[in-house]
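Data file: my_file.pdb. Format and content: PDB, C-alpha atoms.
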MODEL        1
ATOM      1  CA  MET F   2     116.759   2.344  46.980
ATOM      2  CA  GLU F   3     119.073   1.712  49.914
ATOM      3  CA  LEU F   4     117.785   2.397  53.413
ATOM      4  CA  PRO F   5     119.766   4.722  55.690
ATOM      5  CA  PRO F   6     122.092   2.852  58.114
ATOM      6  CA  ALA F   7     119.778   3.257  61.125
ATOM      7  CA  LYS F   8     116.871   1.676  59.208
ATOM      8  CA  ARG F   9     118.769  -1.413  58.010
ATOM      9  CA  LEU F  10     118.781  -4.670  59.906
ATOM     10  CA  ARG F  11     122.057  -4.782  61.770
ATOM     11  CA  THR F  12     123.037  -8.356  61.116
ATOM     12  CA  ASP F  13     125.883  -7.143  58.903
ATOM     13  CA  PRO F  14     129.028  -6.904  61.057
ATOM     14  CA  ASP F  15     130.350  -4.036  58.919
ATOM     15  CA  GLN F  16     127.225  -1.961  59.608
ATOM     16  CA  LYS F  17     127.476  -2.662  63.319
ATOM     17  CA  ALA F  18     131.176  -1.789  63.298
ATOM     18  CA  ALA F  19     130.428   1.514  61.550
ATOM     19  CA  LEU F  20     127.751   2.371  64.141
ATOM     20  CA  VAL F  21     130.116   1.526  67.004
ATOM     21  CA  GLN F  22     132.854   3.654  65.417
ATOM     22  CA  ARG F  23     130.475   6.647  65.173
ATOM     23  CA  LEU F  24     129.274   6.181  68.763
ATOM     24  CA  LEU F  25     132.816   5.943  70.137
ATOM     25  CA  ALA F  26     133.854   9.017  68.128
ATOM     26  CA  ALA F  27     130.919  10.952  69.614
ATOM     27  CA  LYS F  28     131.901   9.775  73.113
ATOM     28  CA  GLU F  29     135.511  10.821  72.513
ATOM     29  CA  ALA F  30     134.355  14.253  71.306
ATOM     30  CA  SER F  31     132.349  14.673  74.522
ATOM     31  CA  GLY F  32     135.521  14.291  76.584
ATOM     32  CA  LYS F  33     133.614  12.112  79.046
ATOM     33  CA  SER F  34     134.556   8.686  80.390
ATOM     34  CA  PHE F  35     132.156   5.759  80.474
ATOM     35  CA  ASP F  36     131.960   6.286  84.259
ATOM     36  CA  GLU F  37     130.928   9.931  83.813
ATOM     37  CA  ILE F  38     128.293   9.070  81.210
ATOM     38  CA  ALA F  39     127.033   6.191  83.376
ATOM     39  CA  THR F  40     126.669   8.484  86.377
ATOM     40  CA  GLY F  41     124.736  10.984  84.264
ATOM     41  CA  LEU F  42     122.422   8.245  82.994
ATOM     42  CA  GLY F  43     122.075   6.449  86.334
ATOM     43  CA  LEU F  44     123.388   3.200  84.786
ATOM     44  CA  THR F  45     126.311   0.908  85.554
ATOM     45  CA  ASN F  46     129.550   1.678  83.749
ATOM     46  CA  ALA F  47     129.567  -1.717  82.003
ATOM     47  CA  TYR F  48     125.996  -1.313  80.698
ATOM     48  CA  THR F  49     126.856   2.181  79.505
ATOM     49  CA  ALA F  50     129.958   0.918  77.684
ATOM     50  CA  ASN F  51     127.807  -1.826  76.123
ATOM     51  CA  LEU F  52     125.481   0.860  74.761
ATOM     52  CA  PHE F  53     128.412   2.322  72.824
ATOM     53  CA  PHE F  54     129.433  -1.123  71.550
ATOM     54  CA  ASN F  55     125.813  -1.781  70.472
ATOM     55  CA  GLN F  56     125.513  -4.701  72.872
ATOM     56  CA  ALA F  57     122.673  -3.169  74.923
ATOM     57  CA  GLN F  58     119.466  -1.348  74.025
ATOM     58  CA  LEU F  59     119.097   2.338  74.856
ATOM     59  CA  LYS F  60     115.744   2.785  76.590
ATOM     60  CA  ALA F  61     113.517   5.706  75.610
ATOM     61  CA  HIS F  62     113.757   7.379  79.032
ATOM     62  CA  SER F  63     117.555   7.712  78.629
ATOM     63  CA  VAL F  64     117.680   9.174  75.113
ATOM     64  CA  LYS F  65     117.411  12.862  76.009
ATOM     65  CA  LYS F  66     119.963  12.610  78.810
ATOM     66  CA  LEU F  67     122.431  10.683  76.612
ATOM     67  CA  LYS F  68     122.106  13.353  73.911
ATOM     68  CA  GLU F  69     122.878  16.022  76.530
ATOM     69  CA  LEU F  70     125.903  14.080  77.800
ATOM     70  CA  VAL F  71     127.202  13.134  74.335
ATOM     71  CA  PRO F  72     125.880  15.851  72.000
ATOM     72  CA  LYS F  73     127.559  14.559  68.823
ATOM     73  CA  ILE F  74     125.529  11.334  68.715
ATOM     74  CA  SER F  75     123.284  11.737  65.681
ATOM     75  CA  GLU F  76     119.522  11.338  65.870
ATOM     76  CA  GLU F  77     119.853   8.447  63.413
ATOM     77  CA  ASP F  78     122.324   6.652  65.698
ATOM     78  CA  LEU F  79     120.171   7.341  68.773
ATOM     79  CA  ALA F  80     117.295   5.684  66.901
ATOM     80  CA  ALA F  81     119.517   2.708  66.056
ATOM     81  CA  MET F  82     120.563   2.392  69.713
ATOM     82  CA  GLN F  83     116.896   2.096  70.737
ATOM     83  CA  ARG F  84     116.295  -1.038  68.662
ATOM     84  CA  PRO F  85     117.176  -4.457  70.123
ATOM     85  CA  PRO F  86     120.806  -4.971  69.136
ATOM     86  CA  MET F  87     122.347  -8.009  67.507
ATOM     87  CA  ARG F  88     124.333  -9.116  70.545
ATOM     88  CA  SER F  89     127.442 -10.835  69.336
ATOM     89  CA  PHE F  90     131.194 -10.724  69.504
ATOM     90  CA  ASP F  91     134.119 -11.152  67.192
ATOM     91  CA  PRO F  92     135.993 -14.306  68.314
ATOM     92  CA  ALA F  93     139.242 -12.389  67.779
ATOM     93  CA  ILE F  94     138.383 -10.377  70.936
ATOM     94  CA  LEU F  95     139.486 -13.432  72.945
ATOM     95  CA  GLN F  96     143.044 -12.681  71.802
ATOM     96  CA  GLU F  97     143.005  -9.238  73.435
ATOM     97  CA  PRO F  98     144.958  -9.604  76.721
ATOM     98  CA  ASN F  99     142.379  -7.986  79.046
ATOM     99  CA  VAL F 100     139.575 -10.094  77.602
ATOM    100  CA  TYR F 101     141.675 -13.249  77.483
ATOM    101  CA  ARG F 102     142.771 -12.915  81.120
ATOM    102  CA  THR F 103     139.192 -12.328  82.259
ATOM    103  CA  TYR F 104     138.077 -15.375  80.260
ATOM    104  CA  GLU F 105     140.978 -17.341  81.742
ATOM    105  CA  ALA F 106     139.992 -16.352  85.287
ATOM    106  CA  ILE F 107     136.367 -17.404  84.719
ATOM    107  CA  THR F 108     137.382 -20.744  83.205
ATOM    108  CA  HIS F 109     140.033 -21.347  85.881
ATOM    109  CA  TYR F 110     137.548 -20.667  88.692
ATOM    110  CA  GLY F 111     134.535 -22.039  86.774
ATOM    111  CA  GLU F 112     134.076 -25.281  88.701
ATOM    112  CA  ALA F 113     134.506 -23.490  92.028
ATOM    113  CA  ILE F 114     132.042 -20.760  90.989
ATOM    114  CA  LYS F 115     129.490 -23.404  89.958
ATOM    115  CA  ALA F 116     129.978 -25.337  93.217
ATOM    116  CA  LEU F 117     129.605 -22.197  95.323
ATOM    117  CA  ILE F 118     126.459 -21.083  93.456
ATOM    118  CA  ASN F 119     124.938 -24.554  93.858
ATOM    119  CA  GLU F 120     125.916 -24.719  97.536
ATOM    120  CA  GLN F 121     124.566 -21.260  98.342
ATOM    121  CA  CYS F 122     121.536 -21.109  96.028
ATOM    122  CA  GLY F 123     120.713 -24.661  94.896
ATOM    123  CA  ASP F 124     120.660 -26.293  91.469
ATOM    124  CA  GLY F 125     120.545 -23.502  88.910
ATOM    125  CA  ILE F 126     122.456 -20.769  87.135
ATOM    126  CA  MET F 127     123.198 -17.062  87.297
ATOM    127  CA  SER F 128     121.222 -15.066  84.746
ATOM    128  CA  ALA F 129     123.119 -12.994  82.227
ATOM    129  CA  ILE F 130     119.843 -11.223  81.348
ATOM    130  CA  ASP F 131     118.723 -10.030  84.797
ATOM    131  CA  PHE F 132     122.321  -9.069  85.442
ATOM    132  CA  TYR F 133     124.435  -6.143  86.557
ATOM    133  CA  LEU F 134     128.147  -5.742  85.828
ATOM    134  CA  ASP F 135     130.354  -3.031  87.208
ATOM    135  CA  VAL F 136     134.092  -2.500  86.787
ATOM    136  CA  GLY F 137     136.054  -0.476  89.270
ATOM    137  CA  THR F 138     139.359  -0.297  91.075
ATOM    138  CA  THR F 139     140.685  -0.596  94.593
ATOM    139  CA  THR F 140     144.087  -0.278  96.209
ATOM    140  CA  GLY F 141     145.904  -3.400  97.365
ATOM    141  CA  LYS F 142     147.848  -3.842 100.613
ATOM    142  CA  LYS F 143     151.094  -2.814  98.898
ATOM    143  CA  GLY F 144     149.544   0.303  97.347
ATOM    144  CA  GLU F 145     149.043  -1.246  93.905
ATOM    145  CA  LYS F 146     145.988  -0.522  91.785
ATOM    146  CA  ARG F 147     143.713  -3.562  91.536
ATOM    147  CA  VAL F 148     140.726  -4.260  89.264
ATOM    148  CA  VAL F 149     137.344  -5.146  90.787
ATOM    149  CA  ILE F 150     134.739  -6.779  88.534
ATOM    150  CA  THR F 151     131.355  -7.260  90.177
ATOM    151  CA  MET F 152     128.839  -9.604  88.549
ATOM    152  CA  ASN F 153     125.372  -9.519  90.089
ATOM    153  CA  GLY F 154     122.927 -11.888  88.382
ATOM    154  CA  LYS F 155     119.555 -13.229  89.382
ATOM    155  CA  PHE F 156     119.621 -16.887  90.416
ATOM    156  CA  LEU F 157     117.554 -19.067  88.102
ATOM    157  CA  PRO F 158     116.761 -22.467  89.598
ATOM    158  CA  HIS F 159     116.461 -25.467  87.324
ATOM    159  CA  VAL F 160     112.910 -26.780  87.567
ATOM    160  CA  GLU F 161     111.788 -30.346  87.925
ATOM    161  CA  GLN F 162     109.718 -30.947  84.807
ATOM    162  CA  ILE F 163     106.484 -32.279  86.282
ATOM    163  CA  ALA F 164     104.142 -33.246  83.447
ATOM    164  CA  ALA F 165     101.064 -31.900  85.242
ATOM    165  CA  ASP F 166     102.668 -28.448  85.466
ATOM    166  CA  ASN F 167     103.270 -28.242  81.716
ATOM    167  CA  THR F 168     100.846 -25.689  80.279
ATOM    168  CA  ASP F 169     101.242 -27.086  76.774
ATOM    169  CA  THR F 170     100.007 -30.472  75.609
ATOM    170  CA  PRO F 171     103.143 -32.576  75.293
ATOM    171  CA  SER F 172     103.701 -33.578  71.667
ATOM    172  CA  VAL F 173     104.088 -37.234  72.617
ATOM    173  CA  LEU F 174     100.507 -37.242  73.958
ATOM    174  CA  VAL F 175      99.206 -35.569  70.808
ATOM    175  CA  CYS F 176     100.909 -38.236  68.676
ATOM    176  CA  MET F 177      99.541 -41.020  70.849
ATOM    177  CA  GLN F 178      95.999 -39.611  70.679
ATOM    178  CA  GLU F 179      96.210 -39.310  66.885
ATOM    179  CA  HIS F 180      97.111 -42.979  66.559
ATOM    180  CA  MET F 181      94.383 -44.312  68.876
TER     181      MET F 181
ENDMDL
END

Encoding of this model in structure tokens:
Amino acid sequence: MELPPAKRLRTDPDQKAALVQRLLAAKEASGKSFDEIATGLGLTNAYTANLFFNQAQLKAHSVKKLKELVPKISEEDLAAMQRPPMRSFDPAILQEPNVYRTYEAITHYGEAIKALINEQCGDGIMSAIDFYLDVGTTTGKKGEKRVVITMNGKFLPHVEQIAADNTDTPSVLVCMQEHM
């Protein structure tokens, strides 16, 4: 007996693609933009879009409001959205011009970004877990529309690995004790 789609493990890319297709169709039927849905949910527009691409988990407190905003999302798909998603991407997405140019900008400025983070925060990285992303627009000096991508991630310092601070018995000590 085959389980319904929302009950299956979503490691199958075809199942995930089908869920995303249903979610985007429900969004389209609502007539609302990601910005409008995000405002209604109190979330960033990028996180909201990620919900529809099954790249973020819908939290229980947002289910009722999402159903009100996008009424054609099925109960089965709402249940699927509440499980931790299989976060992944199709490598072909890097060929899409918007994605490629964003990737190009990050790689082009990568060393400078790293140097600035290290200079301003110390030795560490920006979290992509405790992280906010928002996409918006502004108007340039010549009246042209410009894209603004804001990444706001918690700074995670690299720690000096002091043996005395390790809460687990290092395996090398266990091996040494076994051979004594």

Point out the residue among F:Val71, F:Ile163, F:Ile114, F:Ala57 with the least atom-to-atom distance to Leu44 of chain F, counting only C-alpha atoms. F:Ala57

Excluding same-chain residues fewer than 4 positions from Val136 of chain F, what lies within 10 Å of it counting all atoms listed in the file, as a count of residues only? 9

I'd like the interatomic distance between atom CA of Phe54 of chain F and atom CA of Gln22 of chain F, to a tenth of an Å. 8.5 Å

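Atom pair atom CA of Ala26 of chain F / atom CA of Glu76 of chain F has a distance of 14.7 Å (rounded to one decimal).
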
When you draw a straight line from atom CA of Tyr133 of chain F to atom CA of Asn153 of chain F, how long is it in Å? 5.0 Å

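With only C-alpha atoms as the atoms that count, the residue of F:Met82, F:Ala93, F:Met127, F:Ile118 with the shortest distance to Arg23 of chain F is F:Met82.
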
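When the PyMOL selection byres ((chain F and resi 159) around 10) is evaluated on the file shown here, the picked residues come out as Gly123, Asp124, Gly125, Ile126, Phe156, Leu157, Pro158, Val160, Glu161 and Gln162 of chain F.
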
If we draw a sphere of 12 Å around (117.8, 3.6, 76.0), which residues have at least one atom in it when counting only C-alpha atoms? Please report them as a count of residues only. 31
